[in-house]
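Undergrad: Sharing input-v7.cif, mmCIF, C-alpha atoms:
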```
data_run
loop_
_atom_site.group_PDB
_atom_site.id
_atom_site.type_symbol
_atom_site.label_atom_id
_atom_site.label_comp_id
_atom_site.auth_asym_id
_atom_site.auth_seq_id
_atom_site.Cartn_x
_atom_site.Cartn_y
_atom_site.Cartn_z
ATOM 1 C CA MET A 681 -0.124 -9.108 19.556
ATOM 2 C CA TYR A 682 1.955 -11.073 17.071
ATOM 3 C CA ILE A 683 0.683 -11.766 13.580
ATOM 4 C CA LYS A 684 2.465 -14.303 11.431
ATOM 5 C CA GLN A 685 2.210 -15.382 7.789
ATOM 6 C CA ILE A 686 2.563 -14.101 4.297
ATOM 7 C CA MET A 687 2.391 -16.557 1.410
ATOM 8 C CA VAL A 688 4.181 -15.931 -1.853
ATOM 9 C CA LYS A 689 4.057 -18.191 -4.877
ATOM 10 C CA MET A 690 7.286 -18.322 -6.823
ATOM 11 C CA GLY A 691 7.291 -20.357 -10.023
ATOM 12 C CA ALA A 692 5.430 -23.637 -9.677
ATOM 13 C CA GLU A 693 6.433 -24.117 -6.060
ATOM 14 C CA LEU A 694 4.648 -22.509 -3.111
ATOM 15 C CA LYS A 695 7.069 -21.006 -0.635
ATOM 16 C CA THR A 696 6.008 -19.213 2.487
ATOM 17 C CA ILE A 697 7.569 -16.376 4.380
ATOM 18 C CA THR A 698 6.781 -16.028 8.056
ATOM 19 C CA THR A 699 7.038 -12.636 9.640
ATOM 20 C CA GLU A 700 5.969 -10.971 12.855
ATOM 21 C CA ILE A 701 4.050 -7.744 13.080
ATOM 22 C CA HIS A 702 3.931 -6.028 16.450
ATOM 23 C CA LEU A 703 0.733 -4.048 16.980
ATOM 24 C CA PRO A 704 -0.993 -2.907 20.139
ATOM 25 C CA SER A 705 -3.802 -5.404 20.638
ATOM 26 C CA ASP A 706 -6.348 -2.633 21.177
ATOM 27 C CA ILE A 707 -5.972 -1.540 17.527
ATOM 28 C CA LEU A 708 -7.277 -4.866 16.244
ATOM 29 C CA TYR A 709 -9.724 -5.442 19.074
ATOM 30 C CA SER A 710 -11.266 -2.000 18.572
ATOM 31 C CA GLN A 711 -12.004 -3.058 14.991
ATOM 32 C CA GLY A 712 -13.650 -6.284 16.159
ATOM 33 C CA ILE A 713 -10.715 -8.414 15.026
ATOM 34 C CA GLY A 714 -9.810 -11.078 17.530
ATOM 35 C CA LYS A 715 -6.591 -13.045 17.751
ATOM 36 C CA ASP A 716 -8.117 -15.882 15.722
ATOM 37 C CA ARG A 717 -8.881 -13.567 12.733
ATOM 38 C CA ALA A 718 -5.835 -11.281 12.866
ATOM 39 C CA GLU A 719 -3.683 -13.392 10.553
ATOM 40 C CA TYR A 720 -6.399 -13.557 7.877
ATOM 41 C CA PHE A 721 -7.096 -9.822 8.227
ATOM 42 C CA VAL A 722 -3.453 -8.870 7.660
ATOM 43 C CA LYS A 723 -3.035 -11.323 4.769
ATOM 44 C CA LYS A 724 -6.248 -10.180 3.062
ATOM 45 C CA ASN A 725 -5.370 -6.503 3.305
ATOM 46 C CA PHE A 726 -1.798 -7.100 2.152
ATOM 47 C CA LEU A 727 -3.092 -8.910 -0.946
ATOM 48 C CA LEU A 728 -5.757 -6.263 -1.590
ATOM 49 C CA GLU A 729 -3.037 -3.600 -1.576
ATOM 50 C CA LEU A 730 -0.903 -5.599 -4.014
ATOM 51 C CA TYR A 731 -3.952 -5.917 -6.278
ATOM 52 C CA ARG A 732 -4.728 -2.197 -5.974
ATOM 53 C CA GLU A 733 -1.144 -1.484 -7.088
ATOM 54 C CA GLY A 734 -1.541 -3.846 -10.069
ATOM 55 C CA LYS A 735 1.070 -6.297 -8.782
ATOM 56 C CA ILE A 736 -1.153 -9.407 -8.571
ATOM 57 C CA SER A 737 -4.287 -10.526 -10.366
ATOM 58 C CA LEU A 738 -7.770 -11.085 -9.022
ATOM 59 C CA GLY A 739 -7.364 -14.822 -9.610
ATOM 60 C CA LYS A 740 -4.058 -14.984 -7.750
ATOM 61 C CA MET A 741 -5.469 -13.019 -4.840
ATOM 62 C CA ALA A 742 -8.474 -15.357 -4.633
ATOM 63 C CA GLU A 743 -6.215 -18.408 -4.838
ATOM 64 C CA LEU A 744 -3.990 -17.213 -1.998
ATOM 65 C CA LEU A 745 -7.056 -16.501 0.168
ATOM 66 C CA GLU A 746 -8.487 -19.912 -0.790
ATOM 67 C CA MET A 747 -11.714 -18.613 -2.304
ATOM 68 C CA ASN A 748 -13.236 -18.297 -5.738
ATOM 69 C CA PRO A 749 -12.975 -15.077 -7.772
ATOM 70 C CA PHE A 750 -16.646 -14.230 -7.183
ATOM 71 C CA GLU A 751 -16.147 -14.302 -3.411
ATOM 72 C CA MET A 752 -13.062 -12.149 -3.912
ATOM 73 C CA LEU A 753 -15.107 -9.587 -5.846
ATOM 74 C CA GLY A 754 -17.411 -9.302 -2.819
ATOM 75 C CA ILE A 755 -14.452 -8.692 -0.510
ATOM 76 C CA MET A 756 -13.087 -6.091 -2.920
ATOM 77 C CA LYS A 757 -16.467 -4.346 -2.958
ATOM 78 C CA ASP A 758 -16.669 -4.373 0.841
ATOM 79 C CA SER A 759 -13.116 -2.967 0.989
ATOM 80 C CA SER A 760 -13.766 -0.293 -1.695
ATOM 81 C CA VAL A 761 -11.069 -1.760 -3.962
ATOM 82 C CA PRO A 762 -11.948 -1.111 -7.623
ATOM 83 C CA LEU A 763 -11.735 -3.829 -10.238
ATOM 84 C CA ASN A 764 -8.663 -3.458 -12.473
ATOM 85 C CA TYR A 765 -10.449 -4.028 -15.765
ATOM 86 C CA GLY A 766 -9.849 -1.780 -18.721
ATOM 87 C CA VAL A 767 -10.062 -1.771 -22.492
ATOM 88 C CA THR A 768 -7.073 -4.117 -22.857
ATOM 89 C CA GLU A 769 -8.664 -6.753 -20.619
ATOM 90 C CA LEU A 770 -11.997 -6.375 -22.434
ATOM 91 C CA LYS A 771 -10.322 -6.936 -25.806
ATOM 92 C CA GLU A 772 -8.517 -9.999 -24.445
ATOM 93 C CA ASP A 773 -11.816 -11.398 -23.120
ATOM 94 C CA ILE A 774 -13.538 -10.786 -26.472
ATOM 95 C CA ASP A 775 -10.663 -12.493 -28.316
ATOM 96 C CA THR A 776 -10.865 -15.450 -25.942
ATOM 97 C CA ALA A 777 -14.652 -15.691 -26.335
ATOM 98 C CA ASN A 778 -14.269 -15.538 -30.132
ATOM 99 C CA SER A 779 -11.615 -18.259 -30.152
ATOM 100 C CA LEU A 780 -13.922 -20.453 -28.058
ATOM 101 C CA GLY A 781 -16.848 -19.753 -30.373
ATOM 102 C CA LEU A 782 -18.851 -18.101 -27.609
ATOM 103 C CA LEU A 783 -19.661 -14.928 -29.575
ATOM 104 C CA ASP A 784 -21.387 -14.517 -32.891
ATOM 105 C CA GLU A 785 -21.032 -11.482 -35.146
ATOM 106 C CA ASP A 786 -24.304 -9.942 -33.881
ATOM 107 C CA SER A 787 -23.108 -9.821 -30.273
ATOM 108 C CA GLN A 788 -20.005 -7.702 -30.945
#
```
Please lay out the structure from this file as structure tokens.
TA:
Amino acid sequence: MYIKQIMVKMGAELKTITTEIHLPSDILYSQGIGKDRAEYFVKKNFLLELYREGKISLGKMAELLEMNPFEMLGIMKDSSVPLNYGVTELKEDIDTANSLGLLDEDSQ
């Protein structure tokens, strides 16, 4: 079975790289992944691994899979990929909410 496609965004311009992956078809078929879903399966898992390694963001991963971040969170949950969200991100979100006037002093 041949699987083609990996998309990479460089700068403002979307460039694609096409590659072939040679796998015995029974590996995918035994997992219930038919030829029509193989490309998406490989792309999704490639992006999940990049996210797990901290190399892309949740938003970027969702964008490349053409879904919203909430749908991506569901896929991450189903794939046992933890959310990369720590104290630094929380502070940034609080600062953003403050600058937008979304928080009052009682809510902090």
Undergrad: Rank A:Met752, A:Glu772, A:Ala718, A:Leu703 by their smallest atom-to-atom distance to Ser737 (chain A), using all atoms listed in the file, and report the top residue only.
TA: A:Met752
Undergrad: CA of Ser710 (chain A) and CA of Ile755 (chain A) are how many Å apart?
TA: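 Computing the Euclidean distance for CA of Ser710 (chain A) and CA of Ile755 (chain A) yields 20.5 Å.
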Undergrad: What does the distance from CA of Phe750 (chain A) to CA of Leu738 (chain A) come to in Å, to one decimal?
TA: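 These two atoms are separated by 9.6 Å.
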Undergrad: By how many Å are CA of Val761 (chain A) and CA of Glu746 (chain A) apart?
TA: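 For CA of Val761 (chain A) relative to CA of Glu746 (chain A), the distance reads 18.6 Å.
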Undergrad: Set the distance at 9 Å and use only C-alpha atoms: which residues neighbour Ser705 (chain A) once local chain neighbours fewer than 2 positions away are removed? I'd like the list as a compact mmCIF listing (two decimals) with C-alpha atoms, in the coordinates of the input.
TA:
```
# COMPACT_ATOMS: atom_id res chain seq x y z
CA MET A 681 -0.12 -9.11 19.56
CA TYR A 682 1.96 -11.07 17.07
CA HIS A 702 3.93 -6.03 16.45
CA LEU A 703 0.73 -4.05 16.98
CA ILE A 707 -5.97 -1.54 17.53
CA LEU A 708 -7.28 -4.87 16.24
CA TYR A 709 -9.72 -5.44 19.07
CA SER A 710 -11.27 -2.00 18.57
CA GLY A 714 -9.81 -11.08 17.53
CA LYS A 715 -6.59 -13.04 17.75
```
Undergrad: Run the PyMOL selection byres ((chain A and resi 724) around 12) against the file shown and list the residues it catches, as a PyMOL selection string.
TA: chain A and resi 685-687+717-723+725-731+741-747+752+755-756+759+761
Undergrad: Within 12 Å of Leu783 (chain A), counting all atoms listed in the file, which residues qualify if same-chain residues fewer than 6 places away don't, as a ChimeraX atom specification?
TA: /A:773-777
